[in-house]
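Enquirer: Dropping in run20.txt, with compact mmCIF, C-alpha atoms.
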```txt
# COMPACT_ATOMS: atom_id res chain seq x y z
CA MET A 1 -9.09 -17.43 -13.01
CA THR A 2 -5.96 -18.65 -14.81
CA ALA A 3 -4.33 -15.30 -13.99
CA LEU A 4 -5.07 -15.65 -10.28
CA SER A 5 -4.07 -19.30 -10.06
CA ALA A 6 -0.85 -18.45 -11.94
CA LEU A 7 -0.12 -15.76 -9.36
CA ILE A 8 -0.84 -18.09 -6.45
CA ARG A 9 1.29 -20.89 -7.92
CA ARG A 10 4.18 -18.50 -8.60
CA ASP A 11 4.18 -17.02 -5.08
CA ILE A 12 4.02 -20.45 -3.42
CA ARG A 13 6.81 -21.72 -5.65
CA ILE A 14 9.04 -18.76 -4.78
CA ALA A 15 8.28 -19.14 -1.06
CA LEU A 16 9.23 -22.82 -1.10
CA ARG A 17 12.48 -22.39 -3.07
CA VAL A 18 15.82 -21.59 -1.51
CA GLY A 19 15.73 -18.11 0.02
CA GLY A 20 11.92 -18.10 0.14
CA GLY A 21 10.04 -17.11 3.27
CA ALA A 22 8.03 -20.26 4.03
CA LEU A 23 10.64 -22.04 6.10
CA ILE A 24 11.81 -18.91 7.95
CA GLY A 25 8.41 -18.49 9.62
CA VAL A 26 8.26 -22.08 10.83
CA LEU A 27 11.85 -21.97 12.12
CA PHE A 28 11.12 -18.76 14.01
CA PHE A 29 7.96 -20.31 15.48
CA LEU A 30 9.96 -23.36 16.52
CA THR A 31 12.66 -21.21 18.14
CA VAL A 32 10.23 -19.11 20.17
CA VAL A 33 8.30 -22.11 21.45
CA VAL A 34 11.40 -24.22 22.19
CA LEU A 35 13.02 -21.41 24.16
CA MET A 36 9.92 -20.68 26.22
CA PRO A 37 10.13 -23.70 28.62
CA PHE A 38 13.73 -22.73 29.42
CA ALA A 39 12.62 -19.19 30.28
CA VAL A 40 9.54 -20.20 32.30
CA GLY A 41 11.16 -23.10 34.14
CA PRO A 42 10.19 -26.73 34.59
CA ASP A 43 6.76 -26.08 36.10
CA LEU A 44 4.53 -28.34 33.99
CA ALA A 45 1.25 -26.92 35.27
CA LEU A 46 2.37 -23.38 34.53
CA LEU A 47 3.59 -24.39 31.07
CA SER A 48 0.32 -25.96 30.06
CA ARG A 49 -1.50 -22.92 31.49
CA LEU A 50 0.63 -20.60 29.31
CA GLY A 51 0.80 -23.01 26.35
CA PRO A 52 -1.96 -21.60 24.12
CA ALA A 53 -0.78 -18.02 24.67
CA ILE A 54 2.81 -18.96 23.77
CA LEU A 55 1.74 -20.83 20.64
CA TRP A 56 -0.47 -17.95 19.55
CA LEU A 57 2.21 -15.33 20.17
CA GLY A 58 4.77 -17.41 18.30
CA ALA A 59 2.44 -17.91 15.34
CA LEU A 60 1.50 -14.21 15.29
CA LEU A 61 5.12 -13.02 15.22
CA ALA A 62 6.15 -15.73 12.74
CA SER A 63 3.42 -14.75 10.29
CA LEU A 64 4.35 -11.05 10.57
CA LEU A 65 8.02 -11.88 10.02
CA THR A 66 7.68 -12.67 6.32
CA LEU A 67 4.62 -10.54 5.58
CA ASP A 68 6.46 -7.25 5.01
CA ARG A 69 8.01 -8.69 1.83
CA LEU A 70 4.56 -9.52 0.41
CA PHE A 71 4.52 -6.52 -1.98
CA MET A 72 8.02 -5.16 -1.46
CA ALA A 73 9.73 -7.85 -3.54
CA ASP A 74 7.28 -7.33 -6.43
CA HIS A 75 7.71 -3.58 -6.13
CA GLU A 76 11.49 -3.76 -6.27
CA ASP A 77 11.73 -5.94 -9.37
CA GLY A 78 8.98 -4.12 -11.27
CA SER A 79 6.44 -6.98 -11.18
CA LEU A 80 4.00 -4.81 -9.26
CA ASP A 81 3.85 -2.34 -12.18
CA LEU A 82 2.80 -5.12 -14.55
CA ILE A 83 0.31 -6.53 -12.03
CA THR A 84 -1.24 -3.06 -11.64
CA MET A 85 -1.53 -2.66 -15.43
CA SER A 86 -2.97 -6.10 -16.06
CA ARG A 87 -6.56 -7.07 -16.81
CA THR A 88 -6.90 -8.69 -13.37
CA PRO A 89 -8.43 -6.28 -10.82
CA LEU A 90 -5.79 -5.25 -8.29
CA GLU A 91 -8.08 -6.26 -5.41
CA LEU A 92 -8.23 -9.85 -6.66
CA ALA A 93 -4.48 -9.92 -7.27
CA CYS A 94 -3.94 -8.73 -3.67
CA ALA A 95 -6.29 -11.40 -2.35
CA ALA A 96 -4.47 -14.05 -4.41
CA LYS A 97 -1.10 -12.94 -3.07
CA ALA A 98 -2.37 -13.02 0.53
CA LEU A 99 -3.87 -16.47 -0.02
CA ALA A 100 -0.57 -17.72 -1.44
CA HIS A 101 1.28 -16.27 1.54
CA TRP A 102 -1.09 -17.95 3.96
CA LEU A 103 -0.77 -21.31 2.18
CA ALA A 104 3.02 -21.12 2.12
CA ALA A 105 3.73 -19.48 5.47
CA GLY A 106 0.58 -19.77 7.62
CA LEU A 107 -0.44 -23.37 7.01
CA PRO A 108 2.97 -24.84 8.00
CA LEU A 109 2.62 -23.10 11.40
CA ILE A 110 -0.64 -24.91 12.00
CA VAL A 111 0.88 -28.22 10.94
CA ALA A 112 3.77 -27.65 13.34
CA THR A 113 1.49 -26.83 16.29
CA PRO A 114 0.79 -30.44 17.45
CA VAL A 115 4.54 -31.14 17.66
CA LEU A 116 5.26 -27.93 19.54
CA GLY A 117 2.32 -28.57 21.87
CA LEU A 118 4.26 -31.53 23.29
CA LEU A 119 7.03 -29.18 24.41
CA LEU A 120 4.51 -27.10 26.34
CA ASN A 121 2.86 -30.05 28.12
CA LEU A 122 -0.41 -29.65 26.20
CA ASP A 123 -2.59 -32.75 25.85
CA MET A 124 -4.20 -33.88 22.60
CA VAL A 125 -7.44 -31.96 23.10
CA ALA A 126 -5.66 -28.73 24.04
CA THR A 127 -3.29 -28.92 21.07
CA GLY A 128 -6.20 -29.67 18.78
CA ALA A 129 -8.03 -26.63 20.11
CA VAL A 130 -5.02 -24.35 19.55
CA ALA A 131 -4.49 -25.71 16.03
CA LEU A 132 -8.18 -25.18 15.24
CA THR A 133 -8.14 -21.60 16.52
CA LEU A 134 -4.95 -20.93 14.55
CA LEU A 135 -6.62 -22.32 11.43
CA ALA A 136 -9.53 -19.96 11.95
CA GLY A 137 -7.47 -16.96 13.06
CA THR A 138 -4.29 -16.85 10.97
CA PRO A 139 -6.12 -15.79 7.76
CA ALA A 140 -7.13 -12.64 9.67
CA LEU A 141 -3.47 -12.01 10.53
CA THR A 142 -2.40 -12.41 6.90
CA PHE A 143 -5.18 -10.34 5.40
CA THR A 144 -4.86 -7.45 7.87
CA GLY A 145 -1.08 -7.68 7.65
CA MET A 146 -1.40 -7.28 3.90
CA ILE A 147 -2.72 -3.72 4.45
CA GLY A 148 0.44 -2.88 6.36
CA ALA A 149 2.58 -4.51 3.67
CA ALA A 150 0.89 -2.38 0.99
CA LEU A 151 1.41 0.78 3.06
CA ALA A 152 5.06 -0.13 3.55
CA VAL A 153 5.48 -0.15 -0.25
CA THR A 154 3.67 3.16 -0.58
CA LEU A 155 5.75 4.88 2.08
CA HIS A 156 9.03 3.24 1.07
CA ARG A 157 9.61 1.99 4.61
CA GLY A 158 9.79 -1.67 5.42
CA GLY A 159 9.92 -3.80 8.54
CA LEU A 160 9.43 -1.71 11.62
CA LEU A 161 6.67 0.51 10.25
CA MET A 162 4.82 -2.60 9.17
CA ALA A 163 4.97 -4.03 12.71
CA VAL A 164 3.75 -0.76 14.23
CA LEU A 165 0.84 -0.58 11.79
CA VAL A 166 -0.23 -4.18 11.93
CA LEU A 167 0.25 -5.23 15.53
CA PRO A 168 -2.67 -3.13 16.88
CA LEU A 169 -4.95 -4.70 14.25
CA SER A 170 -3.90 -8.18 15.29
CA ILE A 171 -4.68 -7.69 19.00
CA PRO A 172 -8.38 -8.71 18.73
CA VAL A 173 -7.38 -11.86 16.85
CA LEU A 174 -4.88 -12.73 19.58
CA ILE A 175 -7.40 -12.10 22.37
CA PHE A 176 -10.15 -14.25 20.91
CA GLY A 177 -7.77 -16.92 19.64
CA VAL A 178 -6.26 -17.46 23.08
CA ALA A 179 -9.66 -17.10 24.77
CA ALA A 180 -11.17 -19.86 22.62
CA SER A 181 -8.22 -22.19 23.28
CA GLN A 182 -8.33 -21.51 27.03
CA ALA A 183 -12.05 -22.20 27.04
CA VAL A 184 -11.37 -25.76 25.93
CA ILE A 185 -8.50 -26.32 28.34
CA VAL A 186 -9.58 -24.69 31.60
CA GLY A 187 -13.16 -23.54 31.00
CA PRO A 188 -15.53 -22.41 32.36
CA MET A 189 -16.77 -20.24 29.50
CA SER A 190 -17.95 -21.74 26.24
CA PHE A 191 -15.69 -22.38 23.23
CA GLY A 192 -18.34 -21.29 20.75
CA ALA A 193 -18.54 -17.56 21.49
CA PRO A 194 -14.87 -16.55 21.19
CA PHE A 195 -14.38 -19.00 18.30
CA SER A 196 -17.29 -17.47 16.36
CA ILE A 197 -15.85 -13.99 16.88
CA LEU A 198 -12.47 -15.28 15.68
CA CYS A 199 -14.07 -16.64 12.50
CA ALA A 200 -15.92 -13.35 12.05
CA LEU A 201 -12.64 -11.42 12.34
CA SER A 202 -11.13 -13.60 9.63
CA LEU A 203 -14.13 -13.17 7.33
CA VAL A 204 -14.19 -9.40 7.79
CA SER A 205 -10.47 -9.07 7.07
CA LEU A 206 -10.88 -11.35 4.04
CA VAL A 207 -13.22 -8.72 2.60
CA ILE A 208 -11.60 -5.50 3.82
CA GLY A 209 -7.95 -6.50 3.41
CA PRO A 210 -7.76 -6.79 -0.41
CA PHE A 211 -9.69 -3.56 -0.95
CA ALA A 212 -7.62 -1.58 1.55
CA ALA A 213 -4.34 -2.98 0.20
CA ALA A 214 -5.31 -2.30 -3.42
CA ALA A 215 -6.42 1.24 -2.54
CA SER A 216 -3.12 1.83 -0.78
CA LEU A 217 -1.09 0.49 -3.71
CA ARG A 218 -3.04 2.59 -6.21
CA HIS A 219 -2.64 5.69 -4.08
CA GLY A 220 1.06 5.10 -3.84
CA LEU A 221 1.62 4.69 -7.59
CA ASP A 222 4.97 6.19 -8.32
CA MET B 223 -5.56 3.00 -33.93
CA GLN B 224 -4.23 6.26 -32.59
CA LEU B 225 -2.64 7.07 -29.24
CA SER B 226 -2.81 10.73 -28.39
CA GLY B 227 -2.06 13.02 -25.47
CA ARG B 228 -3.36 16.56 -25.11
CA GLY B 229 -1.89 19.11 -22.69
CA VAL B 230 -0.43 16.45 -20.44
CA ILE B 231 1.02 17.82 -17.22
CA CYS B 232 3.31 15.70 -15.06
CA VAL B 233 4.10 16.68 -11.46
CA ARG B 234 6.40 14.53 -9.37
CA GLY B 235 7.39 15.24 -5.79
CA GLY B 236 5.84 18.72 -6.01
CA ARG B 237 8.00 19.63 -9.03
CA GLU B 238 6.53 20.14 -12.48
CA VAL B 239 8.42 17.84 -14.83
CA PHE B 240 6.71 18.90 -18.02
CA ALA B 241 3.48 20.71 -18.87
CA GLY B 242 1.24 21.11 -21.89
CA LEU B 243 2.75 18.15 -23.73
CA ASP B 244 0.96 17.08 -26.89
CA PHE B 245 1.85 13.89 -28.69
CA GLU B 246 0.35 11.34 -30.99
CA ALA B 247 1.26 8.01 -32.51
CA ALA B 248 -0.68 6.04 -35.06
CA SER B 249 -0.71 2.32 -35.91
CA GLY B 250 2.54 1.18 -37.44
CA GLU B 251 4.43 4.14 -36.08
CA ALA B 252 7.32 4.34 -33.63
CA VAL B 253 7.90 7.42 -31.52
CA ALA B 254 11.28 7.98 -29.89
CA VAL B 255 11.00 10.14 -26.81
CA VAL B 256 14.23 12.07 -26.34
CA GLY B 257 15.41 14.62 -23.83
CA ARG B 258 18.11 15.07 -21.24
CA ASN B 259 18.20 13.13 -17.96
CA GLY B 260 15.32 14.10 -15.70
CA SER B 261 13.26 15.64 -18.48
CA GLY B 262 10.46 13.14 -17.86
CA LYS B 263 10.90 10.44 -20.49
CA THR B 264 10.22 7.60 -18.06
CA SER B 265 7.43 9.63 -16.43
CA LEU B 266 5.70 10.00 -19.80
CA LEU B 267 5.80 6.24 -20.38
CA ARG B 268 4.48 5.61 -16.87
CA LEU B 269 1.68 8.14 -17.42
CA ILE B 270 0.60 6.26 -20.55
CA ALA B 271 0.86 2.96 -18.68
CA GLY B 272 -1.42 4.32 -15.95
CA LEU B 273 1.33 3.94 -13.36
CA LEU B 274 1.34 7.69 -12.72
CA ILE B 275 -1.69 9.94 -12.60
CA PRO B 276 -1.42 13.02 -14.85
CA ALA B 277 -1.84 16.34 -13.04
CA GLY B 278 -3.71 17.60 -16.09
CA GLY B 279 -4.54 16.81 -19.69
CA THR B 280 -5.76 13.58 -21.26
CA ILE B 281 -4.21 10.49 -22.80
CA ALA B 282 -6.43 8.29 -24.95
CA LEU B 283 -6.25 5.41 -27.38
CA ASP B 284 -8.73 5.62 -30.25
CA GLY B 285 -9.63 2.54 -32.23
CA GLY B 286 -8.36 0.02 -29.69
CA ASP B 287 -10.43 -2.60 -27.89
CA ALA B 288 -13.35 -0.67 -26.39
CA GLU B 289 -13.71 -3.21 -23.57
CA LEU B 290 -10.21 -2.58 -22.27
CA THR B 291 -8.51 0.40 -20.67
CA LEU B 292 -5.35 1.87 -22.18
CA PRO B 293 -2.94 0.27 -19.65
CA GLU B 294 -4.52 -3.13 -20.32
CA GLN B 295 -3.53 -2.82 -23.98
CA CYS B 296 0.05 -1.81 -23.22
CA HIS B 297 3.26 -3.67 -22.69
CA TYR B 298 5.60 -1.79 -20.36
CA LEU B 299 9.28 -2.62 -20.48
CA GLY B 300 10.89 -0.62 -17.71
CA HIS B 301 14.31 -0.42 -16.10
CA ARG B 302 13.38 -3.31 -13.88
CA ASP B 303 12.87 -6.65 -15.55
CA ALA B 304 10.01 -8.09 -13.45
CA LEU B 305 11.86 -11.40 -13.21
CA LYS B 306 12.04 -13.63 -10.15
CA PRO B 307 15.57 -14.93 -9.54
CA ALA B 308 14.28 -18.11 -7.87
CA LEU B 309 12.25 -19.16 -10.91
CA SER B 310 13.64 -20.59 -14.12
CA VAL B 311 13.56 -18.77 -17.45
CA ALA B 312 10.58 -20.83 -18.65
CA GLU B 313 8.70 -20.41 -15.35
CA ASN B 314 9.17 -16.64 -15.39
CA LEU B 315 7.86 -16.39 -18.93
CA SER B 316 4.95 -18.78 -18.53
CA PHE B 317 3.85 -16.97 -15.37
CA TRP B 318 3.58 -13.66 -17.21
CA ALA B 319 1.88 -15.35 -20.17
CA ASP B 320 -0.73 -16.91 -17.85
CA PHE B 321 -1.14 -13.81 -15.72
CA LEU B 322 -1.39 -11.24 -18.50
CA GLY B 323 -3.70 -13.47 -20.56
CA GLY B 324 -5.22 -12.59 -23.89
CA GLU B 325 -3.99 -13.74 -27.27
CA ARG B 326 -0.60 -15.40 -26.99
CA LEU B 327 2.14 -17.27 -28.76
CA ASP B 328 4.00 -20.38 -27.81
CA ALA B 329 6.45 -19.50 -25.03
CA HIS B 330 9.20 -21.75 -26.34
CA GLU B 331 9.00 -20.16 -29.76
CA SER B 332 9.49 -16.66 -28.34
CA LEU B 333 12.43 -17.90 -26.25
CA ALA B 334 13.98 -19.25 -29.44
CA THR B 335 13.41 -15.90 -31.16
CA VAL B 336 15.24 -13.97 -28.42
CA GLY B 337 17.97 -16.61 -28.27
CA LEU B 338 17.30 -18.08 -24.83
CA ASP B 339 15.96 -21.52 -25.82
CA HIS B 340 19.15 -23.19 -24.60
CA ALA B 341 18.62 -21.83 -21.06
CA THR B 342 14.95 -22.52 -20.35
CA HIS B 343 15.60 -24.41 -17.12
CA LEU B 344 18.25 -22.04 -15.78
CA PRO B 345 17.12 -19.97 -12.76
CA ALA B 346 16.83 -16.31 -13.74
CA ALA B 347 19.33 -15.47 -10.99
CA PHE B 348 22.13 -16.78 -13.23
CA LEU B 349 21.24 -14.67 -16.26
CA SER B 350 23.41 -11.76 -17.36
CA ALA B 351 21.91 -8.29 -17.75
CA GLY B 352 21.60 -8.77 -21.51
CA GLN B 353 19.94 -12.16 -21.08
CA ARG B 354 17.48 -10.71 -18.57
CA ARG B 355 16.57 -8.06 -21.11
CA ARG B 356 16.10 -10.76 -23.77
CA LEU B 357 13.79 -12.65 -21.43
CA SER B 358 11.73 -9.48 -20.90
CA LEU B 359 11.49 -9.11 -24.67
CA ALA B 360 10.17 -12.67 -24.86
CA ARG B 361 7.26 -11.52 -22.66
CA LEU B 362 6.40 -8.84 -25.26
CA LEU B 363 6.34 -11.52 -27.96
CA THR B 364 4.43 -14.18 -26.05
CA VAL B 365 1.54 -11.95 -25.05
CA ARG B 366 0.11 -9.76 -27.79
CA ARG B 367 -0.47 -6.12 -26.89
CA PRO B 368 -0.93 -3.34 -29.50
CA VAL B 369 1.02 -0.65 -27.61
CA TRP B 370 4.64 -1.16 -26.56
CA LEU B 371 6.06 1.28 -24.02
CA LEU B 372 9.81 0.79 -23.97
CA ASP B 373 12.15 2.50 -21.53
CA GLU B 374 15.74 2.37 -22.78
CA PRO B 375 15.00 -0.97 -24.47
CA THR B 376 18.42 -1.56 -25.97
CA THR B 377 20.42 -1.20 -22.74
CA ALA B 378 22.61 -4.21 -22.08
CA LEU B 379 21.83 -5.82 -25.46
CA ASP B 380 24.81 -6.74 -27.64
CA VAL B 381 24.95 -5.78 -31.33
CA ALA B 382 23.27 -9.02 -32.46
CA GLY B 383 20.63 -8.48 -29.77
CA GLN B 384 19.94 -4.95 -30.99
CA ASP B 385 19.52 -6.23 -34.56
CA MET B 386 17.16 -8.96 -33.33
CA PHE B 387 15.21 -6.37 -31.34
CA GLY B 388 15.03 -4.04 -34.36
CA ALA B 389 13.50 -6.88 -36.38
CA LEU B 390 10.98 -7.59 -33.60
CA MET B 391 9.94 -3.93 -33.49
CA ARG B 392 9.53 -3.83 -37.28
CA ASP B 393 7.33 -6.96 -37.09
CA HIS B 394 5.24 -5.38 -34.37
CA LEU B 395 4.75 -2.18 -36.38
CA ALA B 396 3.94 -4.18 -39.53
CA ARG B 397 1.15 -5.92 -37.60
CA GLY B 398 -0.36 -2.49 -36.83
CA GLY B 399 1.10 -2.03 -33.37
CA LEU B 400 2.63 1.17 -32.12
CA ILE B 401 5.74 1.86 -30.10
CA ILE B 402 6.66 4.66 -27.72
CA ALA B 403 10.28 4.36 -26.67
CA ALA B 404 12.33 6.55 -24.34
CA THR B 405 15.88 6.36 -25.51
CA HIS B 406 19.28 8.03 -25.66
CA MET B 407 20.60 5.81 -28.39
CA ALA B 408 19.30 5.30 -31.89
CA LEU B 409 16.32 2.97 -31.78
CA GLY B 410 17.47 1.04 -34.84
CA ILE B 411 14.23 1.53 -36.74
CA GLU B 412 12.61 4.45 -38.46
CA SER B 413 10.97 6.59 -35.84
CA ARG B 414 9.52 10.01 -35.22
CA GLU B 415 11.21 12.09 -32.55
CA LEU B 416 9.31 13.57 -29.61
CA ARG B 417 11.54 15.95 -27.69
CA ILE B 418 10.55 16.85 -24.16
CA GLY B 419 12.15 19.47 -21.96
CA ALA B 420 14.68 22.07 -23.10
CA VAL B 421 17.12 21.15 -25.87
CA ALA B 422 20.26 19.83 -24.27
```
Go ahead and express the file in the form of structure tokens.

Expert:
Amino acid sequence: MTALSALIRRDIRIALRVGGGALIGVLFFLTVVVLMPFAVGPDLALLSRLGPAILWLGALLASLLTLDRLFMADHEDGSLDLITMSRTPLELACAAKALAHWLAAGLPLIVATPVLGLLLNLDMVATGAVALTLLAGTPALTFTGMIGAALAVTLHRGGLLMAVLVLPLSIPVLIFGVAASQAVIVGPMSFGAPFSILCALSLVSLVIGPFAAAASLRHGLD
Amino acid sequence: MQLSGRGVICVRGGREVFAGLDFEAASGEAVAVVGRNGSGKTSLLRLIAGLLIPAGGTIALDGGDAELTLPEQCHYLGHRDALKPALSVAENLSFWADFLGGERLDAHESLATVGLDHATHLPAAFLSAGQRRRLSLARLLTVRRPVWLLDEPTTALDVAGQDMFGALMRDHLARGGLIIAATHMALGIESRELRIGAVA
């Protein structure tokens, strides 16, 4: 446990320091959402209709933005070799790294959502619903994205490949995340069904993600 | 304790680097792996560390901790220092001490041994190449591992640093550890030579 908590603390610390990825994600999220009303125009009804989708898209892209460095940085400076050799199972180390990434880069997005909701003419209940669905759904984005990040290390290709691999996997999360938020705002369907599926997606990726990422890293040993 | 390899074959990128390599090293013994560039010195260390999969043959450690695999009993000091530029010297070292676990020494003491105790709060980004190497050596001291796999360990170290490192290696061997080092330069301690590839 000390090994895993050391890994989590180190990754969070690096993310929060100068040059770390935590702030980049939030700034990107902010930029996308702030620009959207200018692109859509001053139609308040339309904005609040599109609001949840815009927030979800922004959060999705922001969390992918920093995810491709999840293993790449450790690979480049040789840390990944020592992590692979250590007494901690690689699956648990992967899970710890993903958790640290979510705490440093995913959680700030959720905290920023209520503020950004104001810009999209979302009322308190709607913003709360979006924040809740993001809380339930962003772990799925991080843990499936981790598989792509591990493959990017294996194949020695960064950025673009990662987006191509991970975006299809994140589509179900996007669909049910937006569906659950819309259910609260416009109805008529229930909030429970899409929200349960969203939680299920997160739980499944929590289990599959670390194993798939570790398998990919082991296969790519070089 | 005895580390031995029998008929080890290494294939990288479809090319056979070396084949049928036999080697052994006992407690208290240092083996210097020599050979020209590209002969597979680093590959051999990575095979022992479990970071490459051998295409054939076996590598085993007899008399070590039966509960642990060979890589878990090794320290690997590669070309890359495994240091995070954003973290301070002390944070880098204490992370590896916590993460690698097992029996360990006081981190500050090992920093003093490698001559970095005046820079504990300096971010690793500001260290010189030689200082980075010294910090990596501090990891080897802080966490006890019986097998040291060293890849060009003396690169970037000044003369005083090489003497210090020689003393550290002698200590390690005296405690019953064993060292496999890939090197072009003299290791600075008594060692047996393992030549791989054709004679240059």

Enquirer: Name the closest residue to Thr264 in chain B among the candidates B:Leu299, B:Leu395, B:Ala288, B:Leu322; distances are taken between atoms, counting only C-alpha atoms.

Expert: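 Counting only C-alpha atoms, the residue closest to Thr264 in chain B is B:Leu299.
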
Enquirer: Would you list which chain B residues are within 10 Å of chain A using only C-alpha atoms, as a ChimeraX atom specification?

Expert: /B:234-235,265,268-269,271-275,290-309,313-314,316-324

Enquirer: Can you pull out every residue within 10 Å of Gln182 in chain A, counting all atoms listed in the file, but drop anything in the same chain fewer than 5 positions away, and send it as a PyMOL selection string?

Expert: chain A and resi 49-53+126+129-130+176-177+187-191

Enquirer: Please return, as a ChimeraX atom specification, all polymer residues that have at least one atom within 9 Å of the point (2.3, 1.6, -35.3); use only C-alpha atoms and the file's own coordinate frame.

Expert: /B:223-224,247-253,368-369,394-401

Enquirer: Using CA of Ala179 in chain A and CA of Thr138 in chain A as the two end points, give the distance in Å to one decimal.

Expert: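 Separating CA of Ala179 in chain A from CA of Thr138 in chain A is a distance of 14.8 Å.
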
Enquirer: Cys94 in chain A: which residues within 12 Å, counting all atoms listed in the file, same-chain residues fewer than 6 positions away excluded, as a PyMOL selection string?

Expert: chain A and resi 4+7-8+11+70-71+74+80+83-84+88+100-101+142-147+149-150+206-218

Enquirer: Report, as AutoDock Vina command-line options, the axis-aligned box around all atoms of range 388-398 of chain B present in the file, extended by 4 Å on each side; give centre and edge lengths in Å to one decimal place.

Expert:
```
--center_x 7.3 --center_y -4.9 --center_z -36.5 --size_x 23.4 --size_y 13.4 --size_z 14.0
```

Enquirer: Could you name the residues that touch Thr280 in chain B at 7 Å or less, counting all atoms listed in the file, but leaving out those on the same chain fewer than 2 positions away, as a list in words?

Expert: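 Once the adjacent positions are removed, what remains is Gly227, Arg228, Gly229, Val230, Gly278 and Ala282 of chain B.
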
Enquirer: Go ahead and write the residues just picked, C-alpha atoms, as a CSV table (one decimal), in the frame of the given file.

Expert:
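What follows is the written file part-v7.csv:
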```
chain,number,residue,atom,x,y,z
B,227,GLY,CA,-2.1,13.0,-25.5
B,228,ARG,CA,-3.4,16.6,-25.1
B,229,GLY,CA,-1.9,19.1,-22.7
B,230,VAL,CA,-0.4,16.4,-20.4
B,278,GLY,CA,-3.7,17.6,-16.1
B,282,ALA,CA,-6.4,8.3,-25.0
```

Enquirer: What gap, in Å, lies between CA of Glu289 in chain B and CA of Phe245 in chain B?

Expert: 23.7 Å

Enquirer: Can you pull out every residue within 12 Å of Ser48 in chain A, counting all atoms listed in the file, but drop anything in the same chain fewer than 2 positions away, and send it as a PyMOL selection string?

Expert: chain A and resi 36-37+40-46+50-55+116-124+126-127+130+181-182+185-186

Enquirer: Write the residues of the selection above to a file with C-alpha atoms, as a PDB file, in the coordinates of the input.

Expert:
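Dumped everything to result_32.pdb:
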```pdb
ATOM      1  CA  MET A  36       9.920 -20.680  26.220  1.00  0.00           C
ATOM      2  CA  PRO A  37      10.130 -23.700  28.620  1.00  0.00           C
ATOM      3  CA  VAL A  40       9.540 -20.200  32.300  1.00  0.00           C
ATOM      4  CA  GLY A  41      11.160 -23.100  34.140  1.00  0.00           C
ATOM      5  CA  PRO A  42      10.190 -26.730  34.590  1.00  0.00           C
ATOM      6  CA  ASP A  43       6.760 -26.080  36.100  1.00  0.00           C
ATOM      7  CA  LEU A  44       4.530 -28.340  33.990  1.00  0.00           C
ATOM      8  CA  ALA A  45       1.250 -26.920  35.270  1.00  0.00           C
ATOM      9  CA  LEU A  46       2.370 -23.380  34.530  1.00  0.00           C
ATOM     10  CA  LEU A  50       0.630 -20.600  29.310  1.00  0.00           C
ATOM     11  CA  GLY A  51       0.800 -23.010  26.350  1.00  0.00           C
ATOM     12  CA  PRO A  52      -1.960 -21.600  24.120  1.00  0.00           C
ATOM     13  CA  ALA A  53      -0.780 -18.020  24.670  1.00  0.00           C
ATOM     14  CA  ILE A  54       2.810 -18.960  23.770  1.00  0.00           C
ATOM     15  CA  LEU A  55       1.740 -20.830  20.640  1.00  0.00           C
ATOM     16  CA  LEU A 116       5.260 -27.930  19.540  1.00  0.00           C
ATOM     17  CA  GLY A 117       2.320 -28.570  21.870  1.00  0.00           C
ATOM     18  CA  LEU A 118       4.260 -31.530  23.290  1.00  0.00           C
ATOM     19  CA  LEU A 119       7.030 -29.180  24.410  1.00  0.00           C
ATOM     20  CA  LEU A 120       4.510 -27.100  26.340  1.00  0.00           C
ATOM     21  CA  ASN A 121       2.860 -30.050  28.120  1.00  0.00           C
ATOM     22  CA  LEU A 122      -0.410 -29.650  26.200  1.00  0.00           C
ATOM     23  CA  ASP A 123      -2.590 -32.750  25.850  1.00  0.00           C
ATOM     24  CA  MET A 124      -4.200 -33.880  22.600  1.00  0.00           C
ATOM     25  CA  ALA A 126      -5.660 -28.730  24.040  1.00  0.00           C
ATOM     26  CA  THR A 127      -3.290 -28.920  21.070  1.00  0.00           C
ATOM     27  CA  VAL A 130      -5.020 -24.350  19.550  1.00  0.00           C
ATOM     28  CA  SER A 181      -8.220 -22.190  23.280  1.00  0.00           C
ATOM     29  CA  GLN A 182      -8.330 -21.510  27.030  1.00  0.00           C
ATOM     30  CA  ILE A 185      -8.500 -26.320  28.340  1.00  0.00           C
ATOM     31  CA  VAL A 186      -9.580 -24.690  31.600  1.00  0.00           C
TER      32      VAL A 186
END
```

Enquirer: Rank B:Ser310, B:Gln384, B:Ser358, B:Thr377 by their smallest atom-to-atom distance to Ile411 in chain B, using only C-alpha atoms, and report the top residue only.

Expert: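 Ranked by minimum distance to Ile411 in chain B, first place goes to B:Gln384.
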
Enquirer: Pick out the closest residue to Pro139 in chain A from this set: A:Ile24, A:Leu99, A:Leu47, A:Ala180. Count only C-alpha atoms.

Expert: A:Leu99

Enquirer: Quick one: pull the distance between CA of Thr342 in chain B and CA of Arg392 in chain B, Å, one decimal.

Expert: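 Atom-to-atom, CA of Thr342 in chain B to CA of Arg392 in chain B, that is 25.8 Å.
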
Enquirer: Could you pull the residues within 10 Å of Thr113 in chain A, counting all atoms listed in the file, minus those fewer than 5 positions along the same chain, as an MDAnalysis selection string?

Expert: chainID A and resid 26 29:30 33 55:56 59 108 118 127:128 130:132 134

Enquirer: Could the residues in this selection be saved with C-alpha atoms as a short mmCIF file (atom, residue, chain, number, x, y, z; two decimals), in the coordinates of the input?

Expert:
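Result file is selection20.cif:
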```cif
data_model
loop_
_atom_site.label_atom_id
_atom_site.label_comp_id
_atom_site.auth_asym_id
_atom_site.auth_seq_id
_atom_site.Cartn_x
_atom_site.Cartn_y
_atom_site.Cartn_z
CA VAL A 26 8.26 -22.08 10.83
CA PHE A 29 7.96 -20.31 15.48
CA LEU A 30 9.96 -23.36 16.52
CA VAL A 33 8.30 -22.11 21.45
CA LEU A 55 1.74 -20.83 20.64
CA TRP A 56 -0.47 -17.95 19.55
CA ALA A 59 2.44 -17.91 15.34
CA PRO A 108 2.97 -24.84 8.00
CA LEU A 118 4.26 -31.53 23.29
CA THR A 127 -3.29 -28.92 21.07
CA GLY A 128 -6.20 -29.67 18.78
CA VAL A 130 -5.02 -24.35 19.55
CA ALA A 131 -4.49 -25.71 16.03
CA LEU A 132 -8.18 -25.18 15.24
CA LEU A 134 -4.95 -20.93 14.55
#
```
